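Asks: So that you have it, the file is target_29.csv, and it contains CSV, C-alpha atoms:
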```csv
chain,number,residue,atom,x,y,z
F,1,ASP,CA,-17.2,16.4,-3.8
F,2,GLY,CA,-14.0,17.9,-2.6
F,3,GLY,CA,-10.9,15.7,-2.5
F,4,ILE,CA,-7.6,14.7,-3.9
F,5,THR,CA,-7.2,12.9,-7.2
F,6,GLN,CA,-4.1,10.9,-8.0
F,7,SER,CA,-3.4,9.4,-11.4
F,8,PRO,CA,-2.7,7.0,-12.7
F,9,LYS,CA,-3.7,4.3,-10.2
F,10,TYR,CA,-1.1,1.9,-11.6
F,11,LEU,CA,2.1,2.9,-13.4
F,12,PHE,CA,4.9,0.9,-14.9
F,13,ARG,CA,8.4,2.3,-15.5
F,14,LYS,CA,11.2,1.0,-17.6
F,15,GLU,CA,14.8,1.2,-16.4
F,16,GLY,CA,16.2,4.7,-17.0
F,17,GLN,CA,12.9,6.3,-17.6
F,18,ASN,CA,11.4,9.3,-15.9
F,19,VAL,CA,7.7,9.2,-14.9
F,20,THR,CA,5.4,11.8,-13.5
F,21,LEU,CA,2.6,11.1,-10.9
F,22,SER,CA,-0.2,13.5,-10.9
F,23,CYS,CA,-1.9,15.0,-7.8
F,24,GLU,CA,-4.8,17.4,-8.0
F,25,GLN,CA,-6.9,18.8,-5.1
F,26,ASN,CA,-10.0,20.9,-5.1
F,27,LEU,CA,-10.1,21.5,-1.3
F,28,ASN,CA,-8.4,24.9,-1.6
F,29,HIS,CA,-5.7,23.6,0.7
F,30,ASP,CA,-2.4,25.6,0.9
F,31,ALA,CA,-0.1,22.7,1.8
F,32,MET,CA,0.5,19.5,-0.2
F,33,TYR,CA,2.7,16.5,0.5
F,34,TRP,CA,4.2,13.4,-1.2
F,35,TYR,CA,4.8,10.2,0.7
F,36,ARG,CA,6.3,6.9,-0.3
F,37,GLN,CA,4.9,3.7,1.3
F,38,ASP,CA,6.8,0.5,1.5
F,39,PRO,CA,5.7,-2.6,3.4
F,40,GLY,CA,6.6,-2.5,7.0
F,41,GLN,CA,8.1,1.0,6.8
F,42,GLY,CA,5.1,3.2,7.1
F,43,LEU,CA,5.0,6.4,5.2
F,44,ARG,CA,8.2,8.4,4.4
F,45,LEU,CA,8.0,12.0,3.3
F,46,ILE,CA,9.5,12.8,-0.1
F,47,TYR,CA,8.6,16.5,-0.7
F,48,TYR,CA,6.2,19.0,0.7
F,49,SER,CA,4.9,22.4,-0.4
F,50,GLN,CA,3.3,25.0,1.9
F,51,ILE,CA,2.6,27.6,-0.8
F,52,VAL,CA,2.6,28.0,-4.5
F,53,ASN,CA,6.1,28.2,-6.2
F,54,ASP,CA,7.8,26.9,-3.0
F,55,PHE,CA,8.6,23.4,-1.9
F,56,GLN,CA,10.9,21.6,0.6
F,57,LYS,CA,12.7,18.3,0.6
F,58,GLY,CA,11.5,15.6,3.0
F,59,ASP,CA,13.5,12.7,4.3
F,60,ILE,CA,13.9,10.8,1.0
F,61,ALA,CA,14.0,13.4,-1.7
F,62,GLU,CA,16.9,12.0,-3.7
F,63,GLY,CA,15.8,10.8,-7.1
F,64,TYR,CA,12.6,12.7,-7.0
F,65,SER,CA,11.5,16.2,-8.2
F,66,VAL,CA,8.3,18.3,-7.8
F,67,SER,CA,6.8,21.5,-8.9
F,68,ARG,CA,4.0,23.7,-7.5
F,69,GLU,CA,3.0,26.1,-10.2
F,70,LYS,CA,-0.7,26.0,-9.2
F,71,LYS,CA,-2.3,25.7,-5.8
F,72,GLU,CA,-4.4,22.8,-7.0
F,73,SER,CA,-1.5,20.7,-8.4
F,74,PHE,CA,1.6,19.1,-7.0
F,75,PRO,CA,3.1,16.6,-9.5
F,76,LEU,CA,5.9,14.2,-8.5
F,77,THR,CA,8.5,13.1,-11.0
F,78,VAL,CA,10.4,9.9,-10.3
F,79,THR,CA,13.7,10.2,-12.1
F,80,SER,CA,16.1,7.6,-13.4
F,81,ALA,CA,18.3,8.5,-10.4
F,82,GLN,CA,15.9,6.8,-8.1
F,83,LYS,CA,17.3,3.3,-8.0
F,84,ASN,CA,14.4,1.6,-6.2
F,85,PRO,CA,11.2,3.3,-7.2
F,86,THR,CA,8.8,0.4,-6.9
F,87,ALA,CA,6.4,1.5,-4.1
F,88,PHE,CA,3.0,3.0,-3.4
F,89,TYR,CA,3.0,6.8,-3.6
F,90,LEU,CA,0.5,8.9,-1.6
F,91,CYS,CA,-0.3,12.5,-2.1
F,92,ALA,CA,-1.9,14.5,0.8
F,93,SER,CA,-3.0,18.0,1.5
F,94,SER,CA,-3.9,20.2,4.5
F,95,PRO,CA,-5.3,23.6,5.0
F,96,GLY,CA,-2.0,25.0,6.2
F,97,GLN,CA,1.1,24.2,8.1
F,98,TYR,CA,-0.5,24.4,11.6
F,99,PRO,CA,0.0,21.1,13.5
F,100,ASN,CA,-3.7,20.7,14.5
F,101,TYR,CA,-4.7,20.2,10.9
F,102,GLY,CA,-5.1,16.6,9.7
F,103,TYR,CA,-4.2,15.6,6.2
F,104,THR,CA,-6.5,14.5,3.4
F,105,PHE,CA,-5.0,11.7,1.3
F,106,GLY,CA,-5.5,10.6,-2.3
F,107,SER,CA,-6.0,7.0,-3.3
F,108,GLY,CA,-2.4,6.5,-4.3
F,109,THR,CA,-0.4,5.4,-7.3
F,110,ARG,CA,1.4,2.1,-7.4
F,111,LEU,CA,4.6,2.4,-9.4
F,112,THR,CA,6.3,-0.8,-10.6
F,113,VAL,CA,9.7,-1.0,-12.4
F,114,VAL,CA,9.6,-3.5,-15.3
G,1,ALA,CA,12.7,15.5,16.6
G,2,GLN,CA,9.3,14.0,16.7
G,3,SER,CA,8.4,10.3,16.2
G,4,VAL,CA,5.8,7.7,16.9
G,5,ALA,CA,6.2,4.0,17.5
G,6,GLN,CA,3.7,1.2,17.0
G,7,PRO,CA,5.2,-1.8,18.8
G,8,GLU,CA,2.9,-4.4,17.2
G,9,ASP,CA,3.1,-5.3,13.5
G,10,GLN,CA,0.0,-7.4,13.8
G,11,VAL,CA,-3.0,-7.5,16.1
G,12,ASN,CA,-5.6,-10.3,15.9
G,13,VAL,CA,-9.0,-10.2,17.7
G,14,ALA,CA,-12.2,-12.0,17.5
G,15,GLU,CA,-15.3,-10.2,16.3
G,16,GLY,CA,-17.2,-8.7,19.2
G,17,ASN,CA,-14.2,-8.5,21.5
G,18,PRO,CA,-12.5,-5.2,22.4
G,19,LEU,CA,-9.5,-4.1,20.5
G,20,THR,CA,-6.5,-2.0,21.3
G,21,VAL,CA,-3.8,-0.8,18.8
G,22,LYS,CA,-0.8,0.7,20.6
G,23,CYS,CA,1.1,3.9,19.9
G,24,THR,CA,3.8,5.8,21.8
G,25,TYR,CA,5.2,9.1,20.8
G,26,SER,CA,8.2,11.3,21.3
G,27,VAL,CA,7.9,15.1,20.7
G,28,SER,CA,9.2,18.3,22.0
G,29,GLY,CA,6.4,20.6,23.0
G,30,ASN,CA,2.7,19.9,22.7
G,31,PRO,CA,1.8,16.7,21.0
G,32,TYR,CA,-0.7,16.8,18.1
G,33,LEU,CA,-1.6,13.1,17.6
G,34,PHE,CA,-3.6,11.4,14.9
G,35,TRP,CA,-4.9,7.9,13.9
G,36,TYR,CA,-5.5,7.0,10.3
G,37,VAL,CA,-6.8,3.8,8.7
G,38,GLN,CA,-5.8,2.3,5.3
G,39,TYR,CA,-7.7,-0.3,3.3
G,40,PRO,CA,-5.9,-2.2,0.6
G,41,ASN,CA,-4.7,-0.1,-2.3
G,42,ARG,CA,-6.3,3.0,-0.9
G,43,GLY,CA,-5.1,6.2,0.7
G,44,LEU,CA,-5.3,6.9,4.5
G,45,GLN,CA,-8.5,7.9,6.1
G,46,PHE,CA,-8.7,10.1,9.2
G,47,LEU,CA,-10.1,8.5,12.3
G,48,LEU,CA,-9.5,10.9,15.1
G,49,LYS,CA,-7.0,13.4,16.6
G,50,TYR,CA,-5.9,14.7,20.0
G,51,ILE,CA,-5.0,18.4,20.2
G,52,THR,CA,-5.8,19.4,23.7
G,53,GLY,CA,-8.5,18.9,26.4
G,54,ASP,CA,-10.2,15.6,27.3
G,55,ASN,CA,-7.8,12.7,27.2
G,56,LEU,CA,-10.4,10.4,25.7
G,57,VAL,CA,-11.0,11.3,22.1
G,58,LYS,CA,-13.9,9.8,20.1
G,59,GLY,CA,-13.7,9.4,16.4
G,60,SER,CA,-15.2,7.7,13.3
G,61,TYR,CA,-16.7,4.2,13.1
G,62,GLY,CA,-16.9,3.8,16.9
G,63,PHE,CA,-13.1,4.2,17.5
G,64,GLU,CA,-11.7,6.1,20.4
G,65,ALA,CA,-8.2,6.9,21.6
G,66,GLU,CA,-6.8,7.6,25.1
G,67,PHE,CA,-4.0,10.2,25.5
G,68,ASN,CA,-1.7,9.5,28.4
G,69,LYS,CA,0.9,12.1,28.9
G,70,SER,CA,2.9,10.3,31.6
G,71,GLN,CA,3.3,7.2,29.5
G,72,THR,CA,3.6,9.2,26.2
G,73,SER,CA,1.0,6.9,24.7
G,74,PHE,CA,-2.0,7.4,22.4
G,75,HIS,CA,-3.6,3.9,22.1
G,76,LEU,CA,-6.5,3.3,19.7
G,77,LYS,CA,-9.5,1.4,21.1
G,78,LYS,CA,-12.9,0.0,20.2
G,79,PRO,CA,-15.2,-1.7,22.6
G,80,SER,CA,-16.5,-4.3,20.1
G,81,ALA,CA,-14.5,-5.2,17.0
G,82,LEU,CA,-16.1,-5.8,13.6
G,83,VAL,CA,-14.7,-8.0,10.7
G,84,SER,CA,-14.9,-4.8,8.6
G,85,ASP,CA,-12.4,-3.1,11.0
G,86,SER,CA,-9.7,-5.3,9.5
G,87,ALA,CA,-7.2,-2.9,7.9
G,88,LEU,CA,-3.8,-1.2,8.4
G,89,TYR,CA,-3.8,1.5,11.2
G,90,PHE,CA,-1.3,4.3,11.4
G,91,CYS,CA,-0.5,6.5,14.4
G,92,ALA,CA,1.0,9.9,13.5
G,93,VAL,CA,2.4,13.0,15.2
G,94,ASN,CA,2.3,16.5,13.6
G,95,ASN,CA,4.6,19.3,14.3
G,96,ASN,CA,5.9,20.9,11.2
G,97,ASP,CA,5.0,17.9,9.1
G,98,MET,CA,3.2,14.6,9.8
G,99,ARG,CA,5.3,11.7,11.0
G,100,PHE,CA,3.8,8.2,10.8
G,101,GLY,CA,4.4,5.0,12.6
G,102,ALA,CA,5.2,1.8,10.7
G,103,GLY,CA,1.6,0.7,10.9
G,104,THR,CA,-0.3,-2.1,12.7
G,105,ARG,CA,-2.3,-4.6,10.7
G,106,LEU,CA,-5.5,-5.4,12.5
G,107,THR,CA,-7.3,-8.6,11.7
G,108,VAL,CA,-10.7,-9.3,13.1
G,109,LYS,CA,-11.9,-12.9,12.8
G,110,PRO,CA,-15.5,-13.9,12.7
```
Just give me the structure as structure tokens.

Replies:
Amino acid sequence: DGGITQSPKYLFRKEGQNVTLSCEQNLNHDAMYWYRQDPGQGLRLIYYSQIVNDFQKGDIAEGYSVSREKKESFPLTVTSAQKNPTAFYLCASSPGQYPNYGYTFGSGTRLTVV
Amino acid sequence: AQSVAQPEDQVNVAEGNPLTVKCTYSVSGNPYLFWYVQYPNRGLQFLLKYITGDNLVKGSYGFEAEFNKSQTSFHLKKPSALVSDSALYFCAVNNNDMRFGAGTRLTVKP
């Protein structure tokens, strides 16, 4: 079945540590997105990529980094510069940048700072 | 700038009663509007979308939504709620990227 796979499901980070969240899709979608979800705040866009080897900052990119070396993969690194990383992270993809396309979401990664 | 607002944090209904989850939008140009549902510790699932045409859009699991241009609203509705409909619902507007409301938690009680 086609879809988006996020791993791990749960992740624990120590203070000052970088961690990388994986996102892989087999939908042949061009565009991929990372969102952060906090209670009562909905989803906030971190980064997005509309094509391989190109990506754009979203609303809350500080303390995060991404890469898009392959069409299928869009990993997110949460760096030590992100002071409040505890949240639920969602990866999504769409066929392209046209607004009539909906997004397909992964099941999310819950990151906790310990 | 584009945005959506969901004025209710929580909606409670009894099983079998109709439900409405409200959404208003602000966008320049044509609105491309979506509803998604999220179950605990899961990603968002697509319910329905409005692109153009008929103002009443039918979607998954018996849900429908009514687009009202004059009121800039896109309320989600279902004629008869089920306990299994209890979840977090997000309205979204898509222009260059998808913008989500803060979400409305729907609780359907037996």

Asks: Considering all atoms listed in the file, extract the chain F residues located within 12 Å of chain G and return them as a ChimeraX atom specification.

Replies: /F:3-6,9-10,31-50,56-59,87-94,96-111

Asks: Please identify all polymer residues within 10 Å of Ser28 (chain G), counting only C-alpha atoms, omitting same-chain residues fewer than 5 positions from it, and present them as a VMD selection string.

Replies: chain G and resid 1 to 3 95

Asks: My list of candidates is G:Ser84, G:Glu64, G:Ala14, G:Thr72. Which is closest to Val27 (chain G) when distances are computed with only C-alpha atoms?

Replies: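 Going through G:Ser84, G:Glu64, G:Ala14, G:Thr72 one by one, the smallest distance to Val27 (chain G) is for G:Thr72.
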
Asks: To one decimal place, how far is CA of Cys23 (chain G) from CA of Asp85 (chain G) in Å?

Replies: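 Value for the CA of Cys23 (chain G)-CA of Asp85 (chain G) distance: 17.6 Å.
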
Asks: Which residue out of G:Val37, G:Ala5, G:Ala65, G:Val13 has the minimum interatomic distance to Pro110 (chain G) when all atoms listed in the file are used?

Replies: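 Of G:Val37, G:Ala5, G:Ala65, G:Val13, the one nearest Pro110 (chain G), counting all atoms listed in the file, is G:Val13.
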
Asks: Name the closest residue to Asn17 (chain G) among the candidates G:Ser70, G:Thr107, G:Ser80, G:Ser86; distances are taken between atoms, counting all atoms listed in the file.

Replies: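 Looking at the shortest contact to Asn17 (chain G), the residue is G:Ser80.
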